[in-house]
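A short worksheet on the structure shown next.
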Amino acid sequence: MDVEARHDLDTGERPNVIERDLQDLREALLRLAGQVESQIERATLALRALDEDEALAVRHGDRQINEAQAILRERCFAIISQQRPDDRQLRLLISIQYISLELERMGDYAVRIARRTGMLAQLSERTPLRAEFGLMGELATQQVRDILDALIEVDTERARAVAAQDTHIDRLYERVFDGVVEELASVERGPDSDQVLRIVTLLQVAHDLERIGDRVTNVAEDIVFLDTGQVVELG
């Protein structure tokens, strides 16, 4: 018998199993957030370099994120059904489920960017990307990094500040959209459709980056709920 178990018997105390399980879940959620942050960063770097190998690595990494999110969900349901959590514990379990789902969806957007990067890399014309794509990628990665810090500390004010940064990505998205649509309008129709495909693909990439920012805002709202019990709209 280990020392901790002997202490529990000697003092008549039972180990607080649910609190240990909740701590394990919280740590697993933070690991998942770190994986997603890495995926987004790698996807945006692959995009800027049109690196097919790195893009493929991002696509392969998605399976681990999906599996981790599924395990978190199942463990949350098991604790709710078997251990009768109190109100505070239940709020944490609900928040973990919501946040893990948002993180998994961010990972999906990273995979979409990677898939579109592979398409762009195979086109005959490899025109340099607009500067806004690099800026959007950097902002999206930084937002995920910042919201991870807010999650670690359950810092409501920081979460709100991170959500407010989403307007920068939105503005860049509008600039990209207007510029790319203008470019599309000037394309001469002909037998070579590569240029049109490139422009449409870039519009999709810009949308994926913008949606990552929206998901970060959702996580910020979940952090506020976790800390205060209040449902807020930060978008």
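Letters A, B, ... go to the chains of the structure tokens in the order shown; residues in each chain start at 1; ligands are counted from 1 in the same order.
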Notebook entry, point to check: Neighbours of A:Ile18 within 12 Å (only C-alpha atoms; same-chain residues fewer than 6 positions away dropped), as a PyMOL selection string?
Noted result: chain A and resi 24-25+75-76+78-86+88-90+92-93
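The environment of stretch 153-164 of chain A within 9 Å, counting only C-alpha atoms and disregarding residues fewer than 2 places along the same chain, consists of Gln143, Val144, Asp146, Ile147, Leu148, Asp149, Ala150, Leu151, Asp166, Thr167, His168, Gly213, Asp214, Val216, Thr217, Asn218, Val219, Ala220, Glu221, Ile223, Val224, Phe225, Leu226, Asp227, Thr228, Leu234 and Gly235 of chain A.
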Check: How many Å separate atom CA of A:Asp51 from atom CA of A:Gln69?
Finding: 27.6 Å
Checklist line | Residue with smallest distance to A:Ser95 - pool A:Ser186, A:Gln230, A:Asn16, A:Thr127, counting only C-alpha atoms | finding: A:Gln230
Next item on the list: Tell me which protein, DNA and RNA residues are within 7 Å of A:Thr141, counting only C-alpha atoms, leaving out same-chain ones fewer than 3 positions away, and put them as number ranges by chain.
Entry: A: 37, 40-41, 137-138, 144-145
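With only C-alpha atoms as the basis for measurement, A:Ala68 is the residue among A:Leu123, A:Ala57, A:Ala68, A:Asp87 that approaches A:Leu30 most closely.
Minimum atom-to-atom distance to A:Val111, evaluated using only C-alpha atoms, belongs to A:Gln39 out of A:Gln23, A:Gln195, A:Gln39, A:Ser124.
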Just the residues within 8 Å of A:Arg215, please, counting only C-alpha atoms, with nothing from its chain fewer than 4 positions along; format it as a PDB file with C-alpha atoms, in the first residue's frame.
ATOM      1  CA  GLU A 102     -14.119  24.171 -30.823  1.00  0.00           C
ATOM      2  CA  LEU A 103     -10.481  23.077 -30.790  1.00  0.00           C
ATOM      3  CA  ARG A 105     -12.989  22.285 -35.463  1.00  0.00           C
ATOM      4  CA  MET A 106      -9.984  24.618 -35.528  1.00  0.00           C
ATOM      5  CA  ARG A 211     -13.178  30.962 -39.245  1.00  0.00           C
ATOM      6  CA  VAL A 219     -13.522  29.475 -26.752  1.00  0.00           C
TER       7      VAL A 219
END
Next item on the list: For each of A:Val17, A:Ile212, A:Leu129, A:Val231, take the minimum atom-to-atom distance to A:Tyr109, counting only C-alpha atoms, then give the residue where this is smallest.
Entry: A:Ile212
Item checked: atom CA of A:Gly61 to atom CA of A:Arg26, straight-line distance in Å -> 21.5 Å
